[in-house]
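Undergrad: Encoded as structure tokens, here's the structure I'll be asking about.
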Amino acid sequence: MAQSEASSPGPETAGALTTADGRPLAAALARASARARRRAFLLVLPLLAFILVTFVLPIGQMLLRSVHNDAFPRNMPALTAWFSANPRGTEPGEDAFAALAADLKGLRANRTAGEVGTRVNYEFSGTRSLFTATARNAEALAPPYREALLAADPAWGDPRLWAVMRDASRAITPNFYLAALDRARDETGAVVRAPPERRIYVLLFERTFLVAGVITALTLLLGYPVAHLLATLPLRWSNLLMIFVLLPFWTSLLVRTTAWIVLLQGQGVVNNVLVALGIVPDSGRLSLIYNQTGTIIAMTHILLPFMILPLYSVMRPIPPSYTRAARSLGASSWTAFRRIYFPLTLPGIAAGGLLVFILAVGYYITPALVGGASGQLISNLIAFHMSSSLNWSLAAALAAILLAAVLLLYWLYDRLIGIDNLKLG
Amino acid sequence: MDGSGQARGFVEFDRVQKSYDGVTLVVKDLNLAMPKGEFLTLLGPSGSGKTTCLMMLAGFETATHGEIRLDGRPITQVPPHRRGIGMVFQNYALFPHMTVAENLAFPLEVRGIGRAAREEKVRRALDMVQMAGFGGRRPAQLSGGQQQRIALARALVFEPELVLMDEPLGALDKQLRERMQFEIKHLHERLGITVVYVTHDQSEALTMSDRVAVFNDGMIQQLAPPDELYERPANSFVAQFIGENNRLPGRIESVEGGRALVRLDTGELIDATPVNVTGPGARTLVSIRPERVEFKPDQIPADAHTIEAEVLEFIYMGDSFRTRLRVAGSDDFIMKYRNAAGQRRLEPGERVTIGWSPADARALDMP
Ligand SMILES: Nc1ncnc2c1ncn2[C@@H]1O[C@H](COP(=O)(O)OP(=O)(O)O)[C@@H](O)[C@H]1O
Ligand SMILES: [Mg+2]
């Protein structure tokens, strides 16, 4: 009976296969491979730990920071309690001002007025000094607190301040994302657009993606023929040429960027040559640097290898016989390129494009050095909030949006082309 | 061909030379004329310039010197896509991003043939190579033999008069190769096309071709029908390259009446037909096919010289017996004879007297 079952073909019987000593085959196989898998896991463990500590944790922390800031609830417990006891729209009465005064005294004792002031200042600028100044004299505050505080500074009666403090009293907040998208909350808590003069982030995101797109297109335009040449030249010559392509990799980014400054500035090599040749008048020297043009020129150069290498790795194995076959079948050289060669290089174009675009979107040093005002990209603003304004939560929110955009792009790529087709060299 | 100058070939190579590096000639002085409808094979060892010749004909390489004519017109100035030559590449070169049907439609599409006519021609081409129903597949989903058929169909679908094939069966296993040889030959006969076929496999060349051009060192060593090539090789390269051959080095003793007397280096005298040797005193390599060597006295012509041999090895090969003999100091002299009824099996160590008809031994140049 078992005999006839085992010999009858079909997927049902495949599961019932046994080894010579009668154990299920699948279980035996699993046991045999478990050991190998355990050892492989132990071998990658150091790397895994390294990645966890240096990559996953910081990114997780950054994402957390973009929605979490407890400077206010941690240091203002009484007022935070009042906010949670009274719904939005409640007029702050004496009890609220009493809680505020109590917290201000606490701020003075713990020297944390600056921390709270900074937090509120993120969303309502000019309020940091309100906290520090009032907290300095908090000991003198006496009931009735409402009058006392309004006497200390009438700004304490501003309903917008109270709305902002209510928002800040919750540690988990979407407000940094709102700010990163040029949005804010008004007194009623509704989301509104920031005033026109303060709308900068959306514009910068747009500019960043536009510049990255232009750079991607330029690297493709410049890199495609070079990659083709590299792929078709005899190995001896292509190796030499490859060194020229890779040379920028071996030079410090800073050196390369500075070299572009020397070339492109008003009194730089390019302008001097153009003036000497009489192409542009001395008074009309081109501004090629410290603006968007400078950013695009320098970054195109720096990112070119990231386009050429994936293209090259896709083109190299394409045998010349494909194009020859197309030609012998009656296609002109243009048709052979368009119908045969170009489609075969699409995975390289997609990989190079994705790589260059993602790198360009997050690029920092070059736009910072040669970008001037109009060539700044979103990463420069993130750096500004990290190191100058110290609004890490906003920086984190901006970075998270950038990350989401890149992931979206990656997902789109996978849907359209398939990640298996990615060839990065 | 007949000397009048009127009977021009369909394909003509006229004193063609080719050099890639300006230092060495890969093709030296190639002259060739083939009539319409012929199946001509370029046979030669790897690196002998066969592909180069094909590429010059197809237009992917230019001749360094000389002229190539197609149907009487020089084609040097005609770009590859205007030559109307079908080509089958060694690795098929099927476009991997297109289906089989799209591959076949490609040459029709670039010629501006309408969709309906295109589909009809593609269908017929697939039928022709017995691949109907495979139109929707990608080349990667086909076996080697199937890809070969599609490549063949693609080279034929636009009805070219001349088809070039560069070692088209090189990647197939023996059985499939033999079947495809037969099918290609059959298609050639049915369609009446002219074929230039390149191979380094001599049995393939012999079974398929009307004529074979044996290539070596950038030159045609002999251009002849298969039987002539096999039975009357013009020089020692051809003799050695085509089929199996025993070679005995010696010196011409005398030449008279189309028969040469050769003294082997070990002293024995044998008979041979002089082919490309100058005369008495010249060094020569005598070439004899294993199946033309005889050991039964009644099979050896009465007036021919004979030579002593010792059997070293006897191999049973089914339809024939193959014996390795020691002859004139050489240990790899092969004699092959048919496994006929009552045929005697030789024993290793046995001594026999062998000989041959003088017509079967050819005194060739010493390379
Ligand atoms: N594109 C090329 N550039 C330089 N040398 C080549 C090229 N193609 C072939 N050769 C050389 O020409 C000779 C003949 O090559 P080929 O025609 O491919 O021979 P075959 O097809 O008979 O094997 C070889 O020595 C080869 O190295
Ligand atoms: Mg070849």
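To be explicit about the labels: the chains of the structure tokens are called A, B, and onward in the order shown, and within each one the residues are counted from 1, while ligands get numbers from 1 in the order they are shown.
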What are the closest atom pairs, with distances in Å to one decimal, for each residue of chain B lying within 8 Å of ligand 1, using only C-alpha atoms and all ligand atoms, rows by chain and rising residue number, as CSV?
TA:
residue,atom,partner,partner_atom_place_in_ligand_line,distance
B:Ser19,CA,ligand 1,12 (O),7.9
B:Tyr20,CA,ligand 1,4 (C),4.9
B:Asp21,CA,ligand 1,4 (C),6.5
B:Val26,CA,ligand 1,12 (O),5.2
B:Val27,CA,ligand 1,14 (C),7.8
B:Gly44,CA,ligand 1,22 (O),6.3
B:Pro45,CA,ligand 1,22 (O),6.2
B:Ser46,CA,ligand 1,23 (O),3.6
B:Gly47,CA,ligand 1,19 (O),3.5
B:Ser48,CA,ligand 1,22 (O),3.9
B:Gly49,CA,ligand 1,17 (O),3.2
B:Lys50,CA,ligand 1,22 (O),3.7
B:Thr51,CA,ligand 1,21 (O),3.5
B:Thr52,CA,ligand 1,17 (O),3.6
B:Cys53,CA,ligand 1,17 (O),6.6
B:Asp166,CA,ligand 1,21 (O),7.9
B:Val198,CA,ligand 1,21 (O),7.8
B:His200,CA,ligand 1,22 (O),7.8
B:Phe215,CA,ligand 1,22 (O),7.8
B:Gly218,CA,ligand 1,14 (C),7.7
Undergrad: If you count only C-alpha atoms, which residues fall within 12 Å of Pro249 (chain B), apart from same-chain ones fewer than 6 positions away, as a ChimeraX atom specification?
TA: /B:236,262-270,282-288,327-330,362-367
Undergrad: Using only C-alpha atoms, what table do you get, as JSON lines, when you list each residue of chain B with an atom no more than 9 Å from chain A, its nearest pair of atoms, and their distance in Å rounded to one decimal, rows by chain then rising number?
TA:
{"residue": "B:Ala58", "atom": "CA", "partner": "A:Ser328", "partner_atom": "CA", "distance": 7.0}
{"residue": "B:Gly59", "atom": "CA", "partner": "A:Ser328", "partner_atom": "CA", "distance": 8.4}
{"residue": "B:Phe60", "atom": "CA", "partner": "A:Arg324", "partner_atom": "CA", "distance": 7.4}
{"residue": "B:Pro79", "atom": "CA", "partner": "A:Ser332", "partner_atom": "CA", "distance": 8.6}
{"residue": "B:Pro80", "atom": "CA", "partner": "A:Ser328", "partner_atom": "CA", "distance": 5.7}
{"residue": "B:His81", "atom": "CA", "partner": "A:Gly330", "partner_atom": "CA", "distance": 4.1}
{"residue": "B:Arg82", "atom": "CA", "partner": "A:Gly330", "partner_atom": "CA", "distance": 6.4}
{"residue": "B:Arg83", "atom": "CA", "partner": "A:Ser328", "partner_atom": "CA", "distance": 7.7}
{"residue": "B:Gly84", "atom": "CA", "partner": "A:Gly330", "partner_atom": "CA", "distance": 6.9}
{"residue": "B:Ile85", "atom": "CA", "partner": "A:Ser328", "partner_atom": "CA", "distance": 6.3}
{"residue": "B:Gly86", "atom": "CA", "partner": "A:Ser328", "partner_atom": "CA", "distance": 6.4}
{"residue": "B:Met87", "atom": "CA", "partner": "A:Ser328", "partner_atom": "CA", "distance": 6.5}
{"residue": "B:Val88", "atom": "CA", "partner": "A:Ala325", "partner_atom": "CA", "distance": 8.0}
{"residue": "B:Phe89", "atom": "CA", "partner": "A:Ser321", "partner_atom": "CA", "distance": 7.3}
{"residue": "B:Asn91", "atom": "CA", "partner": "A:Ser321", "partner_atom": "CA", "distance": 8.4}
{"residue": "B:Tyr92", "atom": "CA", "partner": "A:Ser321", "partner_atom": "CA", "distance": 8.5}
{"residue": "B:Ala93", "atom": "CA", "partner": "A:Tyr322", "partner_atom": "CA", "distance": 5.2}
{"residue": "B:Leu94", "atom": "CA", "partner": "A:Tyr322", "partner_atom": "CA", "distance": 7.2}
{"residue": "B:Phe95", "atom": "CA", "partner": "A:Tyr322", "partner_atom": "CA", "distance": 6.6}
{"residue": "B:Pro96", "atom": "CA", "partner": "A:Leu344", "partner_atom": "CA", "distance": 8.2}
{"residue": "B:His97", "atom": "CA", "partner": "A:Leu344", "partner_atom": "CA", "distance": 7.1}
{"residue": "B:Phe106", "atom": "CA", "partner": "A:Leu329", "partner_atom": "CA", "distance": 7.6}
{"residue": "B:Pro107", "atom": "CA", "partner": "A:Leu329", "partner_atom": "CA", "distance": 4.9}
{"residue": "B:Leu108", "atom": "CA", "partner": "A:Gly330", "partner_atom": "CA", "distance": 8.4}
{"residue": "B:Val110", "atom": "CA", "partner": "A:Ala331", "partner_atom": "CA", "distance": 5.8}
{"residue": "B:Arg111", "atom": "CA", "partner": "A:Gly330", "partner_atom": "CA", "distance": 7.0}
{"residue": "B:Arg154", "atom": "CA", "partner": "A:Leu329", "partner_atom": "CA", "distance": 8.2}
{"residue": "B:Ala155", "atom": "CA", "partner": "A:Leu329", "partner_atom": "CA", "distance": 7.2}
{"residue": "B:Phe158", "atom": "CA", "partner": "A:Leu329", "partner_atom": "CA", "distance": 8.1}
Undergrad: One decimal, Å: what's the distance from CA of Ser254 (chain B) over to CA of Ile242 (chain B), could you say?
TA: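 So the two atoms, CA of Ser254 (chain B) and CA of Ile242 (chain B), lie 27.7 Å apart.
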Undergrad: With only C-alpha atoms as the counted atoms, please give the residues lying no more than 12 Å from Trp162 (chain A), apart from itself and same-chain residues fewer than 6 positions off, as a PDB file with N, CA and C atoms, in the first residue's frame.
TA:
ATOM      1  N   LEU A  79       1.363  72.611  34.513  1.00  0.00           N
ATOM      2  CA  LEU A  79       0.620  73.142  33.369  1.00  0.00           C
ATOM      3  C   LEU A  79       0.214  72.019  32.416  1.00  0.00           C
ATOM      4  N   THR A  80       1.103  71.018  32.265  1.00  0.00           N
ATOM      5  CA  THR A  80       0.769  69.874  31.426  1.00  0.00           C
ATOM      6  C   THR A  80      -0.479  69.164  31.971  1.00  0.00           C
ATOM      7  N   TRP A  82      -2.797  70.585  33.753  1.00  0.00           N
ATOM      8  CA  TRP A  82      -3.959  71.453  33.504  1.00  0.00           C
ATOM      9  C   TRP A  82      -4.458  71.282  32.067  1.00  0.00           C
ATOM     10  N   PHE A  83      -3.497  71.204  31.098  1.00  0.00           N
ATOM     11  CA  PHE A  83      -3.883  71.058  29.697  1.00  0.00           C
ATOM     12  C   PHE A  83      -4.644  69.753  29.491  1.00  0.00           C
ATOM     13  N   ARG A  88      -9.255  71.650  24.688  1.00  0.00           N
ATOM     14  CA  ARG A  88      -8.846  72.773  23.854  1.00  0.00           C
ATOM     15  C   ARG A  88      -9.991  73.786  23.773  1.00  0.00           C
ATOM     16  N   GLY A  89      -9.648  75.056  23.849  1.00  0.00           N
ATOM     17  CA  GLY A  89     -10.665  76.104  23.769  1.00  0.00           C
ATOM     18  C   GLY A  89     -11.040  76.659  25.136  1.00  0.00           C
ATOM     19  N   THR A  90     -10.638  75.962  26.218  1.00  0.00           N
ATOM     20  CA  THR A  90     -10.922  76.476  27.554  1.00  0.00           C
ATOM     21  C   THR A  90     -10.105  77.746  27.789  1.00  0.00           C
ATOM     22  N   GLU A  91     -10.802  78.786  28.247  1.00  0.00           N
ATOM     23  CA  GLU A  91     -10.089  80.035  28.550  1.00  0.00           C
ATOM     24  C   GLU A  91      -9.181  79.783  29.750  1.00  0.00           C
ATOM     25  N   PRO A  92      -7.872  80.074  29.690  1.00  0.00           N
ATOM     26  CA  PRO A  92      -7.011  79.830  30.851  1.00  0.00           C
ATOM     27  C   PRO A  92      -7.378  80.757  32.009  1.00  0.00           C
ATOM     28  N   GLY A  93      -7.811  80.178  33.108  1.00  0.00           N
ATOM     29  CA  GLY A  93      -8.243  80.951  34.267  1.00  0.00           C
ATOM     30  C   GLY A  93      -7.127  81.044  35.287  1.00  0.00           C
ATOM     31  N   ALA A  96      -5.036  77.929  35.761  1.00  0.00           N
ATOM     32  CA  ALA A  96      -4.024  77.698  34.733  1.00  0.00           C
ATOM     33  C   ALA A  96      -2.786  78.545  35.007  1.00  0.00           C
ATOM     34  N   PHE A  97      -3.026  79.847  35.355  1.00  0.00           N
ATOM     35  CA  PHE A  97      -1.882  80.719  35.609  1.00  0.00           C
ATOM     36  C   PHE A  97      -1.136  80.287  36.875  1.00  0.00           C
ATOM     37  N   LEU A 100       1.073  77.574  35.805  1.00  0.00           N
ATOM     38  CA  LEU A 100       2.189  78.148  35.038  1.00  0.00           C
ATOM     39  C   LEU A 100       3.235  78.736  35.991  1.00  0.00           C
ATOM     40  N   VAL A 120       9.193  75.894  22.943  1.00  0.00           N
ATOM     41  CA  VAL A 120       8.030  76.680  22.542  1.00  0.00           C
ATOM     42  C   VAL A 120       8.403  77.616  21.397  1.00  0.00           C
ATOM     43  N   GLU A 123       7.905  76.788  17.648  1.00  0.00           N
ATOM     44  CA  GLU A 123       6.632  76.959  16.959  1.00  0.00           C
ATOM     45  C   GLU A 123       6.097  78.381  17.065  1.00  0.00           C
ATOM     46  N   PHE A 124       6.666  79.181  17.959  1.00  0.00           N
ATOM     47  CA  PHE A 124       6.199  80.560  18.120  1.00  0.00           C
ATOM     48  C   PHE A 124       7.447  81.382  18.425  1.00  0.00           C
ATOM     49  N   THR A 127       9.521  83.659  21.752  1.00  0.00           N
ATOM     50  CA  THR A 127       8.987  83.331  23.075  1.00  0.00           C
ATOM     51  C   THR A 127      10.052  82.782  24.012  1.00  0.00           C
ATOM     52  N   ALA A 155       2.560  89.411  27.194  1.00  0.00           N
ATOM     53  CA  ALA A 155       2.535  88.343  26.195  1.00  0.00           C
ATOM     54  C   ALA A 155       1.971  87.041  26.767  1.00  0.00           C
ATOM     55  N   TRP A 156       1.990  86.849  28.077  1.00  0.00           N
ATOM     56  CA  TRP A 156       1.446  85.628  28.684  1.00  0.00           C
ATOM     57  C   TRP A 156      -0.054  85.498  28.438  1.00  0.00           C
ATOM     58  N   ALA A 168       2.758  71.776  22.777  1.00  0.00           N
ATOM     59  CA  ALA A 168       4.066  71.348  23.267  1.00  0.00           C
ATOM     60  C   ALA A 168       3.941  70.446  24.487  1.00  0.00           C
ATOM     61  N   SER A 169       2.798  70.530  25.159  1.00  0.00           N
ATOM     62  CA  SER A 169       2.648  69.741  26.382  1.00  0.00           C
ATOM     63  C   SER A 169       2.496  68.256  26.071  1.00  0.00           C
ATOM     64  N   ARG A 185      -0.046  75.257  13.274  1.00  0.00           N
ATOM     65  CA  ARG A 185      -1.395  75.258  13.845  1.00  0.00           C
ATOM     66  C   ARG A 185      -1.736  76.672  14.297  1.00  0.00           C
ATOM     67  N   ASP A 186      -2.996  77.048  14.068  1.00  0.00           N
ATOM     68  CA  ASP A 186      -3.410  78.343  14.604  1.00  0.00           C
ATOM     69  C   ASP A 186      -3.972  78.145  16.009  1.00  0.00           C
ATOM     70  N   GLU A 187      -4.572  79.241  16.590  1.00  0.00           N
ATOM     71  CA  GLU A 187      -5.037  79.174  17.975  1.00  0.00           C
ATOM     72  C   GLU A 187      -6.040  78.057  18.199  1.00  0.00           C
ATOM     73  N   THR A 188      -6.861  77.779  17.161  1.00  0.00           N
ATOM     74  CA  THR A 188      -7.888  76.756  17.345  1.00  0.00           C
ATOM     75  C   THR A 188      -7.331  75.357  17.118  1.00  0.00           C
ATOM     76  N   GLY A 189      -6.091  75.252  16.750  1.00  0.00           N
ATOM     77  CA  GLY A 189      -5.495  73.930  16.530  1.00  0.00           C
ATOM     78  C   GLY A 189      -5.620  73.446  15.102  1.00  0.00           C
TER      79      GLY A 189
END
Undergrad: If you count only C-alpha atoms, which residues fall within 12 Å of Arg124 (chain B), apart from same-chain ones fewer than 6 positions away, as a list in words?
TA: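 Residues meeting the cut-off are Ala101, Leu104, Ala105, Ala117, Arg118, Gln130, Met131, Ala132, Gly133, Gly135, Ala153, Arg154, Leu156, Val157, Phe158 and Glu159 of chain B.
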Undergrad: Using N, CA and C atoms, can you write the selected residues to a file as a PDB file, in the first residue's frame?
TA:
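The resulting file, out.pdb, is shown below:
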ATOM      1  N   ALA B 101       8.511  35.649 -31.592  1.00  0.00           N
ATOM      2  CA  ALA B 101       7.779  36.245 -32.713  1.00  0.00           C
ATOM      3  C   ALA B 101       8.304  37.645 -33.016  1.00  0.00           C
ATOM      4  N   LEU B 104      11.511  37.414 -34.917  1.00  0.00           N
ATOM      5  CA  LEU B 104      11.317  37.087 -36.325  1.00  0.00           C
ATOM      6  C   LEU B 104      10.710  38.258 -37.083  1.00  0.00           C
ATOM      7  N   ALA B 105       9.886  39.042 -36.373  1.00  0.00           N
ATOM      8  CA  ALA B 105       9.225  40.163 -37.060  1.00  0.00           C
ATOM      9  C   ALA B 105      10.194  41.320 -37.276  1.00  0.00           C
ATOM     10  N   ALA B 117       0.915  41.087 -43.129  1.00  0.00           N
ATOM     11  CA  ALA B 117       1.886  40.324 -43.920  1.00  0.00           C
ATOM     12  C   ALA B 117       2.998  39.797 -43.024  1.00  0.00           C
ATOM     13  N   ARG B 118       3.353  40.638 -42.039  1.00  0.00           N
ATOM     14  CA  ARG B 118       4.410  40.281 -41.116  1.00  0.00           C
ATOM     15  C   ARG B 118       4.039  39.030 -40.330  1.00  0.00           C
ATOM     16  N   GLN B 130       9.685  24.073 -37.687  1.00  0.00           N
ATOM     17  CA  GLN B 130       8.913  23.243 -36.755  1.00  0.00           C
ATOM     18  C   GLN B 130       8.879  23.822 -35.347  1.00  0.00           C
ATOM     19  N   MET B 131       8.652  25.122 -35.293  1.00  0.00           N
ATOM     20  CA  MET B 131       8.588  25.771 -33.986  1.00  0.00           C
ATOM     21  C   MET B 131       7.272  26.528 -33.817  1.00  0.00           C
ATOM     22  N   ALA B 132       6.254  26.128 -34.570  1.00  0.00           N
ATOM     23  CA  ALA B 132       4.950  26.776 -34.432  1.00  0.00           C
ATOM     24  C   ALA B 132       4.508  26.671 -32.973  1.00  0.00           C
ATOM     25  N   GLY B 133       3.937  27.747 -32.449  1.00  0.00           N
ATOM     26  CA  GLY B 133       3.470  27.721 -31.071  1.00  0.00           C
ATOM     27  C   GLY B 133       4.487  28.230 -30.082  1.00  0.00           C
ATOM     28  N   GLY B 135       6.001  31.201 -30.556  1.00  0.00           N
ATOM     29  CA  GLY B 135       6.142  32.627 -30.841  1.00  0.00           C
ATOM     30  C   GLY B 135       6.129  33.513 -29.619  1.00  0.00           C
ATOM     31  N   ALA B 153      15.440  30.636 -38.580  1.00  0.00           N
ATOM     32  CA  ALA B 153      14.199  31.195 -39.120  1.00  0.00           C
ATOM     33  C   ALA B 153      14.320  32.706 -39.287  1.00  0.00           C
ATOM     34  N   ARG B 154      14.987  33.366 -38.316  1.00  0.00           N
ATOM     35  CA  ARG B 154      15.101  34.823 -38.380  1.00  0.00           C
ATOM     36  C   ARG B 154      15.979  35.247 -39.555  1.00  0.00           C
ATOM     37  N   LEU B 156      16.161  33.710 -42.280  1.00  0.00           N
ATOM     38  CA  LEU B 156      15.528  33.361 -43.552  1.00  0.00           C
ATOM     39  C   LEU B 156      14.220  34.085 -43.786  1.00  0.00           C
ATOM     40  N   VAL B 157      13.639  34.678 -42.707  1.00  0.00           N
ATOM     41  CA  VAL B 157      12.260  35.148 -42.791  1.00  0.00           C
ATOM     42  C   VAL B 157      12.107  36.287 -43.791  1.00  0.00           C
ATOM     43  N   PHE B 158      13.166  37.069 -44.021  1.00  0.00           N
ATOM     44  CA  PHE B 158      13.032  38.167 -44.991  1.00  0.00           C
ATOM     45  C   PHE B 158      13.513  37.760 -46.380  1.00  0.00           C
ATOM     46  N   GLU B 159      13.625  36.451 -46.564  1.00  0.00           N
ATOM     47  CA  GLU B 159      13.901  35.854 -47.864  1.00  0.00           C
ATOM     48  C   GLU B 159      15.156  36.421 -48.537  1.00  0.00           C
TER      49      GLU B 159
END
